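Contents: one structure, followed by commentary.
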Amino acid sequence: MKIAIIGVGAMGSVYAGLLADAGNEVWIVDLRKDYLEAIQKNGLRIKGASGDRIVSNIKAAAEVTDVGLCDLVIIATKAYGVESAARSISPLLHNETIVLTIQNGLGAATRICKYIPSSSILLGVAEGFGASIIYPGYVHHNRMELIRIGELTGGMTPRVEKVVGIWRDAGFTAKGYDDIHQLIWEKFICNVTFSAPCTVFNCKIKEILADSHAWSIARECGLEAYAVSQAKGITLSFEDPETYIQEFGAKLLEARPSMLLDHLDQRRSEIDAINGMVPIVGAEAGIKTPYNEVMTAIVRFRETLFDSS
């Protein structure tokens with residue numbers, strides 16, 4: 001299968017490397033010239049949870065017009081890059097092209113649907129997945145648990161099973177789901193709980209859970225997101241959100257959320273799609289979300305300092 005991956009950060013690099021190593025024709029599209037040149041010259045090295053390998057058959061391009069038509073397009077940008085990615089990929093699409101987006105938070109599908117028919121879109125959720133860039137062309141794969149995939153419009157379809165099979169053949173644990181929105185919301189509630197609080201307090205998840213003051217704030221962030229989900233009629237697999245969130249956090253005690261890692265590297269985070277999305281969907285549902293409003297304001301203010309430093 002011919003696959004294009006748009007936005008090749010750490011996780012996108014792992015996707016590209018394993019999918020190419022499984023025999024697919026994989027193109028990566030990214031604007032970072034040094035990253036593309038390193039992969040073209042030396043291949044992509046991936047070390048960690050999926051083994052230690054150098055993948056030399058990946059093709060790289062800075063422009064989608066250099067790639068040609070593809071069977072599968074994976075949008076693996078940060079949440080704030082989704083819309084520009086969707087706007088750019090029309091040269092890659094034929095009538096049967098599948099577009100799969102894997103992002104944190106909410107709102108990616110809405111932005112993609114401005115440019116691509118909803119009937120072409122699959123949504124993915126990466127669970128227990130982590131990676132980091134050591135230097136251009138070298139990625140450390142920290143964790144890999146499950147890739148969840150489903151139709152934007154719901155229901156199990158042959159193409160969901162087809163795409164799941166492609167991921168499995170590349171060594172990923174992948175499953176197809178009838179209601180991917182349930183899974184997106186369940187992950188969203190947990191991300192909201194820990195992302196901005198860990199970033200504001202500069203700590204790991206275990207430190208949030210261990211401190212009564214920090215946990216009281218993080219918990220309320222998550223409970224606000226849960227209240228919005230209920231007002232919007234989202235079906236969830238649990239009835240006790242606090243227990244669900246704590247069990248999620250207990251599996252990731254040593255983790256620093258990607259939002260905190262972005263701030264440690266003086267990079268813009270995905271705050272708008274995570275904690276910053278709660279007040280937006282809350283207003284739509286008539287739910288007040290003061291904890292997420294405050295956490296979002298602090299994170300956004302800190303990011304203005306990155307620009308001026």
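Going by the structure tokens order, chains are called A, B, ..., each with residues numbered from 1, while ligands are numbered from 1 in the order shown.
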*Which residues in region 54-301 of chain A does DSSP call strand (DSSP E or B)? List them as an MDAnalysis selection string.*
chainID A and resid 54:55 59:61 72:75 98:102 121:127 130:135 138:143 146:151 174:176
_Selection: 7 Å around Leu236 (chain A), only C-alpha atoms, excl. self and same-chain fewer than 2 positions, as an NGL selection string_ = :A and (182 or 186 or 234 or 238)
*Write out as a ChimeraX atom specification the residues lying within 10 Å of Tyr135 (chain A), counting only C-alpha atoms and excluding same-chain residues fewer than 3 positions away.*
/A:34-35,38,132,138-140
Kindly assemble as a Markdown table a list of the region 53-148 of chain A residues that lie within 8 Å of region 21-33 of chain A, each paired with its nearest atom pair and their distance in Å to one decimal, using only C-alpha atoms, sorted first by chain and then by ascending residue number.
| residue | atom | partner | partner_atom | distance |
| --- | --- | --- | --- | --- |
| A:Val55 | CA | A:Asp21 | CA | 6.3 |
| A:Asn57 | CA | A:Asp21 | CA | 7.7 |
| A:Ile58 | CA | A:Val26 | CA | 5.5 |
| A:Lys59 | CA | A:Trp27 | CA | 4.6 |
| A:Ala60 | CA | A:Ile28 | CA | 4.9 |
| A:Ala61 | CA | A:Val29 | CA | 5.0 |
| A:Ala62 | CA | A:Leu31 | CA | 5.2 |
| A:Glu63 | CA | A:Val29 | CA | 6.5 |
| A:Val64 | CA | A:Val29 | CA | 6.6 |
| A:Val67 | CA | A:Trp27 | CA | 7.0 |
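Candidate residues A:Lys288, A:Lys2, A:His213, A:Lys41 were compared for distance to His94 (chain A), and the nearest is A:Lys2, using only C-alpha atoms.
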Excluding Val278 (chain A) and its own-chain neighbours fewer than 5 positions away, which residues fall within 12 Å of it when counting only C-alpha atoms? Please give them as a PDB file with C-alpha atoms, in the first residue's frame.
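Written out: result_33.pdb:
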ATOM      1  CA  GLY A 105      -7.907  16.150  22.153  1.00  0.00           C
ATOM      2  CA  LEU A 106     -11.041  17.150  20.304  1.00  0.00           C
ATOM      3  CA  GLY A 107     -11.778  19.031  17.111  1.00  0.00           C
ATOM      4  CA  TRP A 185     -13.818  11.211  24.778  1.00  0.00           C
ATOM      5  CA  PHE A 188      -9.852  13.285  26.302  1.00  0.00           C
ATOM      6  CA  ILE A 189     -11.201  13.271  29.871  1.00  0.00           C
ATOM      7  CA  ASN A 191      -5.759  14.045  29.100  1.00  0.00           C
ATOM      8  CA  VAL A 192      -7.656  17.062  30.394  1.00  0.00           C
ATOM      9  CA  THR A 193      -7.081  15.851  33.951  1.00  0.00           C
ATOM     10  CA  ALA A 196      -2.478  21.289  31.879  1.00  0.00           C
ATOM     11  CA  GLU A 220     -11.979  19.094  38.783  1.00  0.00           C
ATOM     12  CA  CYS A 221     -10.529  19.622  35.298  1.00  0.00           C
ATOM     13  CA  GLY A 222     -11.382  16.022  34.439  1.00  0.00           C
ATOM     14  CA  LEU A 223     -14.816  16.155  36.061  1.00  0.00           C
ATOM     15  CA  GLU A 224     -15.700  19.248  34.035  1.00  0.00           C
ATOM     16  CA  ALA A 225     -14.870  17.367  30.830  1.00  0.00           C
ATOM     17  CA  TYR A 226     -16.912  14.406  32.052  1.00  0.00           C
ATOM     18  CA  ALA A 227     -19.900  16.655  32.810  1.00  0.00           C
ATOM     19  CA  VAL A 228     -19.735  18.047  29.274  1.00  0.00           C
ATOM     20  CA  SER A 229     -19.629  14.534  27.816  1.00  0.00           C
ATOM     21  CA  ILE A 271      -3.615  23.262  24.856  1.00  0.00           C
ATOM     22  CA  ASP A 272      -6.326  24.476  22.442  1.00  0.00           C
ATOM     23  CA  ALA A 273      -7.398  20.898  21.641  1.00  0.00           C
ATOM     24  CA  ALA A 283     -20.491  26.526  26.451  1.00  0.00           C
ATOM     25  CA  GLU A 284     -22.243  24.560  23.707  1.00  0.00           C
ATOM     26  CA  ALA A 285     -23.730  22.249  26.351  1.00  0.00           C
ATOM     27  CA  GLY A 286     -24.481  24.947  28.931  1.00  0.00           C
ATOM     28  CA  ILE A 287     -21.819  23.668  31.367  1.00  0.00           C
ATOM     29  CA  LYS A 288     -19.501  26.018  33.279  1.00  0.00           C
ATOM     30  CA  THR A 289     -15.818  24.998  33.224  1.00  0.00           C
ATOM     31  CA  PRO A 290     -13.862  27.395  35.486  1.00  0.00           C
ATOM     32  CA  TYR A 291     -10.993  25.047  36.327  1.00  0.00           C
ATOM     33  CA  ASN A 292     -10.149  24.403  32.685  1.00  0.00           C
ATOM     34  CA  GLU A 293     -10.521  28.080  31.874  1.00  0.00           C
ATOM     35  CA  VAL A 294      -7.911  29.000  34.503  1.00  0.00           C
ATOM     36  CA  MET A 295      -5.508  26.177  33.595  1.00  0.00           C
ATOM     37  CA  THR A 296      -5.782  27.076  29.909  1.00  0.00           C
TER      38      THR A 296
END
*So which residues touch Leu264 (chain A) within 12 Å, counting only C-alpha atoms, skipping near sequence neighbours fewer than 6 positions away, as a PyMOL selection string?*
chain A and resi 198-200+202-203+256-258+302-303+306
